[in-house]
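Structure file run18.txt with compact mmCIF, N, CA and C atoms:
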```
# COMPACT_ATOMS: atom_id res chain seq x y z
N PRO A 1 111.42 96.87 106.31
CA PRO A 1 112.37 95.77 106.15
C PRO A 1 112.34 94.82 107.35
N LYS A 2 112.67 93.59 107.11
CA LYS A 2 112.62 92.58 108.16
C LYS A 2 113.76 92.76 109.16
N SER A 3 114.83 93.44 108.79
CA SER A 3 115.98 93.57 109.67
C SER A 3 115.80 94.65 110.73
N VAL A 4 114.76 95.47 110.64
CA VAL A 4 114.52 96.55 111.59
C VAL A 4 113.57 96.07 112.67
N ALA A 5 113.90 96.37 113.93
CA ALA A 5 113.04 95.99 115.04
C ALA A 5 111.69 96.69 114.93
N ARG A 6 110.65 96.02 115.36
CA ARG A 6 109.29 96.56 115.24
C ARG A 6 109.14 97.90 115.95
N LYS A 7 109.78 98.05 117.11
CA LYS A 7 109.64 99.30 117.86
C LYS A 7 110.33 100.48 117.18
N LEU A 8 111.22 100.22 116.23
CA LEU A 8 111.90 101.29 115.51
C LEU A 8 111.22 101.65 114.19
N LYS A 9 110.26 100.85 113.78
CA LYS A 9 109.55 101.13 112.53
C LYS A 9 108.54 102.24 112.75
N PRO A 10 108.25 103.02 111.73
CA PRO A 10 107.22 104.06 111.89
C PRO A 10 105.85 103.44 112.11
N ARG A 11 105.07 104.02 113.01
CA ARG A 11 103.74 103.49 113.31
C ARG A 11 102.76 103.84 112.21
N PHE A 12 102.96 104.99 111.59
CA PHE A 12 102.06 105.44 110.54
C PHE A 12 102.89 105.95 109.38
N ILE A 13 102.34 105.86 108.18
CA ILE A 13 102.97 106.44 107.00
C ILE A 13 101.99 107.43 106.39
N GLY A 14 102.52 108.34 105.61
CA GLY A 14 101.62 109.31 104.99
C GLY A 14 102.30 110.66 104.90
N PRO A 15 101.62 111.68 104.64
CA PRO A 15 100.17 111.85 104.57
C PRO A 15 99.61 111.41 103.23
N PHE A 16 98.37 110.96 103.25
CA PHE A 16 97.65 110.60 102.04
C PHE A 16 96.33 111.34 102.02
N LYS A 17 95.95 111.77 100.84
CA LYS A 17 94.72 112.52 100.66
C LYS A 17 93.52 111.57 100.74
N ILE A 18 92.45 112.02 101.42
CA ILE A 18 91.21 111.24 101.49
C ILE A 18 90.42 111.51 100.23
N ILE A 19 90.12 110.45 99.47
CA ILE A 19 89.39 110.58 98.21
C ILE A 19 87.89 110.64 98.46
N ARG A 20 87.39 109.71 99.29
CA ARG A 20 85.95 109.70 99.54
C ARG A 20 85.65 109.01 100.87
N VAL A 21 84.48 109.30 101.40
CA VAL A 21 83.99 108.70 102.63
C VAL A 21 83.06 107.55 102.25
N VAL A 22 83.28 106.39 102.88
CA VAL A 22 82.49 105.20 102.59
C VAL A 22 81.74 104.80 103.86
N VAL A 23 80.53 104.27 103.72
CA VAL A 23 79.72 103.70 104.80
C VAL A 23 79.51 104.71 105.94
N ASP A 24 78.74 105.72 105.69
CA ASP A 24 78.29 106.68 106.71
C ASP A 24 79.42 107.30 107.53
N GLY A 25 80.54 107.58 106.93
CA GLY A 25 81.60 108.33 107.60
C GLY A 25 82.54 107.56 108.48
N SER A 26 82.45 106.25 108.55
CA SER A 26 83.37 105.50 109.41
C SER A 26 84.53 104.87 108.64
N THR A 27 84.46 104.87 107.32
CA THR A 27 85.51 104.30 106.49
C THR A 27 85.89 105.31 105.42
N PHE A 28 87.19 105.38 105.13
CA PHE A 28 87.70 106.35 104.18
C PHE A 28 88.55 105.67 103.13
N GLU A 29 88.46 106.16 101.89
CA GLU A 29 89.32 105.67 100.82
C GLU A 29 90.42 106.70 100.62
N LEU A 30 91.68 106.24 100.65
CA LEU A 30 92.83 107.13 100.54
C LEU A 30 93.44 107.05 99.16
N ASP A 31 94.13 108.11 98.78
CA ASP A 31 94.86 108.16 97.52
C ASP A 31 96.27 107.63 97.76
N LEU A 32 96.43 106.31 97.68
CA LEU A 32 97.72 105.67 97.95
C LEU A 32 98.60 105.71 96.71
N PRO A 33 99.94 105.77 96.89
CA PRO A 33 100.85 105.70 95.75
C PRO A 33 100.75 104.34 95.05
N THR A 34 101.18 104.30 93.81
CA THR A 34 101.08 103.07 93.03
C THR A 34 101.93 101.94 93.61
N ASP A 35 103.07 102.27 94.25
CA ASP A 35 103.91 101.20 94.79
C ASP A 35 103.23 100.50 95.97
N LEU A 36 102.45 101.23 96.76
CA LEU A 36 101.71 100.58 97.85
C LEU A 36 100.55 99.75 97.32
N ARG A 37 99.88 100.25 96.28
CA ARG A 37 98.80 99.48 95.66
C ARG A 37 99.35 98.21 95.01
N ALA A 38 100.55 98.31 94.42
CA ALA A 38 101.17 97.14 93.78
C ALA A 38 101.51 96.07 94.81
N ARG A 39 101.73 96.45 96.04
CA ARG A 39 102.01 95.48 97.10
C ARG A 39 100.75 94.85 97.65
N GLY A 40 99.59 95.25 97.13
CA GLY A 40 98.34 94.64 97.54
C GLY A 40 97.67 95.32 98.71
N ILE A 41 98.06 96.55 99.03
CA ILE A 41 97.43 97.27 100.14
C ILE A 41 96.14 97.90 99.66
N ASN A 42 95.04 97.57 100.32
CA ASN A 42 93.74 98.10 99.97
C ASN A 42 93.67 99.57 100.40
N PRO A 43 93.17 100.46 99.54
CA PRO A 43 93.15 101.89 99.89
C PRO A 43 92.03 102.30 100.84
N THR A 44 91.20 101.37 101.31
CA THR A 44 90.08 101.69 102.19
C THR A 44 90.45 101.35 103.63
N PHE A 45 90.31 102.35 104.54
CA PHE A 45 90.69 102.17 105.94
C PHE A 45 89.57 102.67 106.85
N HIS A 46 89.39 102.00 108.00
CA HIS A 46 88.45 102.45 109.01
C HIS A 46 89.02 103.69 109.71
N ALA A 47 88.15 104.53 110.23
CA ALA A 47 88.56 105.79 110.85
C ALA A 47 89.49 105.58 112.04
N THR A 48 89.38 104.47 112.75
CA THR A 48 90.25 104.23 113.91
C THR A 48 91.70 103.96 113.52
N LEU A 49 91.94 103.64 112.25
CA LEU A 49 93.30 103.38 111.78
C LEU A 49 93.98 104.62 111.24
N LEU A 50 93.27 105.72 111.14
CA LEU A 50 93.81 106.96 110.57
C LEU A 50 94.13 107.96 111.67
N ARG A 51 95.14 108.80 111.42
CA ARG A 51 95.53 109.86 112.33
C ARG A 51 95.71 111.15 111.53
N PRO A 52 95.45 112.31 112.14
CA PRO A 52 95.70 113.57 111.43
C PRO A 52 97.21 113.76 111.23
N PHE A 53 97.57 114.37 110.12
CA PHE A 53 98.98 114.59 109.80
C PHE A 53 99.51 115.80 110.54
N VAL A 54 100.60 115.62 111.27
CA VAL A 54 101.29 116.72 111.94
C VAL A 54 102.67 116.81 111.30
N PRO A 55 102.99 117.92 110.62
CA PRO A 55 104.29 118.01 109.95
C PRO A 55 105.44 117.95 110.94
N ASN A 56 106.59 117.50 110.48
CA ASN A 56 107.78 117.35 111.29
C ASN A 56 108.31 118.72 111.72
N ASP A 57 108.71 118.81 112.99
CA ASP A 57 109.38 120.01 113.48
C ASP A 57 110.86 119.85 113.16
N ASP A 58 111.32 120.50 112.11
CA ASP A 58 112.69 120.32 111.63
C ASP A 58 113.72 120.84 112.63
N ALA A 59 113.33 121.74 113.51
CA ALA A 59 114.26 122.24 114.52
C ALA A 59 114.55 121.17 115.57
N ARG A 60 113.52 120.40 115.95
CA ARG A 60 113.70 119.36 116.96
C ARG A 60 114.21 118.05 116.37
N PHE A 61 113.76 117.71 115.17
CA PHE A 61 114.14 116.46 114.53
C PHE A 61 114.64 116.74 113.11
N PRO A 62 115.85 117.25 112.97
CA PRO A 62 116.33 117.63 111.63
C PRO A 62 116.57 116.41 110.74
N GLY A 63 116.23 116.57 109.47
CA GLY A 63 116.54 115.56 108.47
C GLY A 63 115.60 114.38 108.41
N ARG A 64 114.53 114.37 109.17
CA ARG A 64 113.58 113.25 109.10
C ARG A 64 112.54 113.56 108.03
N GLN A 65 112.65 112.87 106.94
CA GLN A 65 111.76 113.10 105.82
C GLN A 65 111.08 111.78 105.46
N LEU A 66 109.92 111.87 104.84
CA LEU A 66 109.18 110.67 104.47
C LEU A 66 109.96 109.82 103.47
N THR A 67 110.74 110.47 102.61
CA THR A 67 111.50 109.72 101.60
C THR A 67 112.61 108.89 102.22
N GLN A 68 112.95 109.14 103.47
CA GLN A 68 114.01 108.38 104.13
C GLN A 68 113.50 107.09 104.76
N LEU A 69 112.19 106.90 104.79
CA LEU A 69 111.66 105.68 105.37
C LEU A 69 112.00 104.49 104.49
N PRO A 70 112.57 103.43 105.04
CA PRO A 70 112.96 102.29 104.22
C PRO A 70 111.76 101.45 103.81
N GLY A 71 111.88 100.85 102.64
CA GLY A 71 110.88 99.88 102.20
C GLY A 71 109.69 100.45 101.46
N PHE A 72 109.68 101.75 101.15
CA PHE A 72 108.55 102.32 100.45
C PHE A 72 108.96 102.94 99.13
N LYS A 73 109.91 102.35 98.47
CA LYS A 73 110.34 102.78 97.15
C LYS A 73 109.83 101.76 96.13
N GLN A 74 109.79 102.18 94.88
CA GLN A 74 109.42 101.25 93.81
C GLN A 74 110.49 100.17 93.72
N GLN A 75 110.09 98.93 93.77
CA GLN A 75 111.04 97.83 93.74
C GLN A 75 111.00 97.14 92.38
N SER A 76 112.18 96.80 91.89
CA SER A 76 112.28 96.10 90.62
C SER A 76 111.83 94.66 90.80
N GLU A 77 111.20 94.10 89.78
CA GLU A 77 110.70 92.74 89.87
C GLU A 77 111.83 91.71 89.85
N ASP A 78 112.92 92.01 89.15
CA ASP A 78 114.02 91.06 89.05
C ASP A 78 115.27 91.59 89.74
N TRP A 79 115.11 92.15 90.91
CA TRP A 79 116.20 92.81 91.62
C TRP A 79 117.32 91.87 92.00
N ASN A 80 117.07 90.60 92.15
CA ASN A 80 118.12 89.69 92.57
C ASN A 80 118.37 88.54 91.60
N VAL A 81 117.83 88.60 90.42
CA VAL A 81 118.08 87.56 89.42
C VAL A 81 119.24 88.01 88.53
N ILE A 82 120.29 87.21 88.48
CA ILE A 82 121.42 87.54 87.61
C ILE A 82 121.13 87.06 86.20
N GLU A 83 120.78 85.77 86.07
CA GLU A 83 120.49 85.23 84.75
C GLU A 83 119.73 83.92 84.87
N ILE A 84 119.14 83.54 83.76
CA ILE A 84 118.54 82.21 83.62
C ILE A 84 119.49 81.43 82.74
N THR A 85 119.99 80.29 83.25
CA THR A 85 121.06 79.59 82.56
C THR A 85 120.61 78.41 81.72
N SER A 86 119.53 77.74 82.10
CA SER A 86 119.07 76.59 81.31
C SER A 86 117.62 76.29 81.65
N HIS A 87 117.08 75.32 80.94
CA HIS A 87 115.71 74.89 81.22
C HIS A 87 115.63 73.37 81.11
N TYR A 88 114.53 72.81 81.66
CA TYR A 88 114.35 71.37 81.69
C TYR A 88 112.86 71.07 81.63
N GLY A 89 112.50 70.03 80.90
CA GLY A 89 111.11 69.61 80.80
C GLY A 89 110.39 70.32 79.67
N LYS A 90 109.07 70.10 79.61
CA LYS A 90 108.27 70.77 78.59
C LYS A 90 106.83 70.89 79.06
N GLY A 91 106.10 71.76 78.41
CA GLY A 91 104.70 71.98 78.76
C GLY A 91 104.54 72.58 80.15
N ARG A 92 103.63 72.00 80.91
CA ARG A 92 103.36 72.51 82.26
C ARG A 92 104.47 72.18 83.24
N GLU A 93 105.33 71.25 82.88
CA GLU A 93 106.43 70.83 83.75
C GLU A 93 107.73 71.56 83.43
N LEU A 94 107.68 72.61 82.64
CA LEU A 94 108.88 73.34 82.22
C LEU A 94 109.49 74.09 83.41
N LEU A 95 110.78 73.85 83.65
CA LEU A 95 111.51 74.50 84.75
C LEU A 95 112.70 75.26 84.19
N PHE A 96 113.04 76.38 84.83
CA PHE A 96 114.17 77.20 84.42
C PHE A 96 115.16 77.31 85.57
N GLU A 97 116.45 77.17 85.23
CA GLU A 97 117.51 77.29 86.23
C GLU A 97 117.84 78.78 86.39
N VAL A 98 117.61 79.31 87.59
CA VAL A 98 117.79 80.74 87.86
C VAL A 98 118.99 80.93 88.77
N ARG A 99 119.90 81.82 88.36
CA ARG A 99 121.07 82.16 89.18
C ARG A 99 120.78 83.50 89.88
N TRP A 100 120.80 83.49 91.21
CA TRP A 100 120.47 84.66 92.02
C TRP A 100 121.72 85.45 92.39
N SER A 101 121.55 86.69 92.78
CA SER A 101 122.68 87.54 93.17
C SER A 101 123.35 87.05 94.45
N THR A 102 122.66 86.24 95.23
CA THR A 102 123.24 85.68 96.45
C THR A 102 124.17 84.51 96.17
N GLY A 103 124.18 84.04 94.92
CA GLY A 103 125.01 82.90 94.56
C GLY A 103 124.23 81.60 94.47
N HIS A 104 123.02 81.58 94.96
CA HIS A 104 122.19 80.37 94.91
C HIS A 104 121.67 80.13 93.50
N VAL A 105 121.43 78.87 93.19
CA VAL A 105 120.84 78.48 91.92
C VAL A 105 119.61 77.63 92.24
N THR A 106 118.47 78.00 91.67
CA THR A 106 117.23 77.26 91.91
C THR A 106 116.53 76.98 90.60
N TRP A 107 115.63 76.00 90.64
CA TRP A 107 114.79 75.69 89.49
C TRP A 107 113.41 76.28 89.75
N GLU A 108 112.94 77.14 88.84
CA GLU A 108 111.66 77.83 89.01
C GLU A 108 110.74 77.50 87.85
N ARG A 109 109.44 77.48 88.12
CA ARG A 109 108.45 77.24 87.08
C ARG A 109 108.34 78.45 86.16
N VAL A 110 107.82 78.21 84.96
CA VAL A 110 107.74 79.27 83.96
C VAL A 110 106.85 80.41 84.43
N ARG A 111 105.80 80.12 85.18
CA ARG A 111 104.90 81.19 85.64
C ARG A 111 105.58 82.12 86.64
N GLU A 112 106.65 81.65 87.29
CA GLU A 112 107.36 82.46 88.27
C GLU A 112 108.47 83.30 87.65
N VAL A 113 108.89 82.98 86.43
CA VAL A 113 109.97 83.74 85.79
C VAL A 113 109.51 84.45 84.53
N ARG A 114 108.28 84.25 84.12
CA ARG A 114 107.77 84.80 82.86
C ARG A 114 107.89 86.32 82.79
N HIS A 115 107.71 87.01 83.91
CA HIS A 115 107.71 88.47 83.93
C HIS A 115 109.11 89.08 84.04
N LEU A 116 110.14 88.29 84.22
CA LEU A 116 111.49 88.81 84.42
C LEU A 116 112.15 89.19 83.10
N SER A 117 112.97 90.24 83.16
CA SER A 117 113.72 90.63 81.97
C SER A 117 114.77 89.57 81.63
N ALA A 118 115.28 88.86 82.64
CA ALA A 118 116.24 87.78 82.39
C ALA A 118 115.60 86.65 81.59
N PHE A 119 114.31 86.44 81.75
CA PHE A 119 113.59 85.42 81.00
C PHE A 119 113.56 85.79 79.51
N ASN A 120 113.26 87.05 79.22
CA ASN A 120 113.26 87.51 77.82
C ASN A 120 114.65 87.41 77.21
N ALA A 121 115.68 87.74 77.99
CA ALA A 121 117.05 87.64 77.50
C ALA A 121 117.42 86.18 77.21
N TYR A 122 116.95 85.26 78.05
CA TYR A 122 117.22 83.84 77.84
C TYR A 122 116.54 83.33 76.57
N LEU A 123 115.30 83.74 76.36
CA LEU A 123 114.58 83.33 75.15
C LEU A 123 115.26 83.86 73.89
N GLU A 124 115.74 85.09 73.94
CA GLU A 124 116.46 85.65 72.79
C GLU A 124 117.76 84.89 72.54
N ALA A 125 118.46 84.53 73.61
CA ALA A 125 119.71 83.78 73.46
C ALA A 125 119.46 82.38 72.89
N MET A 126 118.31 81.80 73.20
CA MET A 126 117.97 80.48 72.69
C MET A 126 117.36 80.55 71.29
N GLY A 127 117.07 81.74 70.81
CA GLY A 127 116.51 81.90 69.47
C GLY A 127 115.02 81.63 69.40
N VAL A 128 114.32 81.81 70.50
CA VAL A 128 112.87 81.57 70.53
C VAL A 128 112.14 82.87 70.34
```
Structure translated into structure tokens:
Amino acid sequence: PKSVARKLKPRFIGPFKIIRVVVDGSTFELDLPTDLRARGINPTFHATLLRPFVPNDDARFPGRQLTQLPGFKQQSEDWNVIEITSHYGKGRELLFEVRWSTGHVTWERVREVRHLSAFNAYLEAMGV
């Protein structure tokens, strides 16, 4: 998350299983979760970027689990869209008025709202 200072963020995440060795042993392909792949993270890493996994000593650091790390959960695509209230224009110039959970209202192009569930609800309400 952007609100956390860089020095407080974890330096490494994992553990991830090594799937295969690429380019004479200096590059490795990891088995990354789908949410990291969806964010555009390439699963191939150079050996200098990898570290061996050392499990947490629960006696010294109780309650520190990988699932508690912020920002690595599956995120909804329309997490902050409340509704689409109207549209303007036609064809390539079609714009939709989007009401956000923050209270802001913006005009967005159809390619930016096409994947939202609020877009489908708006089309159903309009009878399209």
Rounded to one decimal in Å, what is the spacing between CA of Val81 (chain A) and CA of Gly40 (chain A)?
22.5 Å
CA of Arg39 (chain A) to atom N of Thr85 (chain A): how many Å, to one decimal?
27.3 Å
Apply DSSP to the structure's backbone, then extract all residues of chain A labelled helix (DSSP H, G or I) and return them as a ChimeraX atom specification.
/A:6-8,34-38,47-49,66-68,91-93,110-113,117-126
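If only C-alpha atoms are the atoms counted, then among A:Arg11, A:Leu95, A:Leu36, A:Trp100 the closest residue to Glu112 (chain A) is A:Leu95.
For the pair atom N of Ser117 (chain A) and atom N of Asn42 (chain A), the interatomic distance is 25.9 Å.
Checking A:Phe45, A:Phe119, A:Lys7, A:Val98 one by one against Ile19 (chain A), counting only C-alpha atoms, you find the shortest gap at A:Phe45.
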Write out as AutoDock Vina command-line options an axis-aligned box for region 107-119 of chain A: all of its atoms listed in the file, 6 Å added on each side, centre and edge lengths in Å with one decimal.
```
--center_x 110.6 --center_y 83.2 --center_z 85.1 --size_x 23.3 --size_y 26.9 --size_z 23.1
```
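Closest to Leu30 (chain A) among A:Val113, A:Val54, A:Leu49, A:Ile18 is A:Ile18, based on all atoms listed in the file.
Among the candidates A:Val105, A:Ala59, A:Pro52, A:His46, the residue lying nearest to Pro15 (chain A) is A:Pro52 (atoms considered: all atoms listed in the file).
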Just want the 8 Å neighbourhood of Arg92 (chain A), counted on all atoms listed in the file, with same-chain residues fewer than 2 positions away dropped. Output as a count of residues only.
6
Nearest to Asp31 (chain A), restricted to only C-alpha atoms and choosing among A:Pro55, A:Gly14, A:Gly91, A:Gly103, comes out as A:Gly14
Write out as a PyMOL selection string all residues of chain A that backbone DSSP assigns to strand (DSSP E or B).
chain A and resi 18-22+27-30+44-46+81-88+95-100+105-109
Env of Gly25 (chain A): 10 Å cut, atoms = only C-alpha atoms, seq-sep filter 4 positions within chain, self excluded. Answer as a list in words.
Arg20, Val21, His46 and Ala47 of chain A
Using only C-alpha atoms, which protein or nucleic acid residues come within 10 Å of Phe53 (chain A)? Drop anything in the same chain fewer than 3 positions from it, and give the result as a list in words.
Phe12, Ile13, Gly14, Pro15, Phe16, Leu50 and Asn56 of chain A
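Compared by their closest atoms to Lys17 (chain A), and using all atoms listed in the file, the residues A:Thr102, A:Ala5, A:Leu32, A:Asp58 rank with A:Leu32 nearest.
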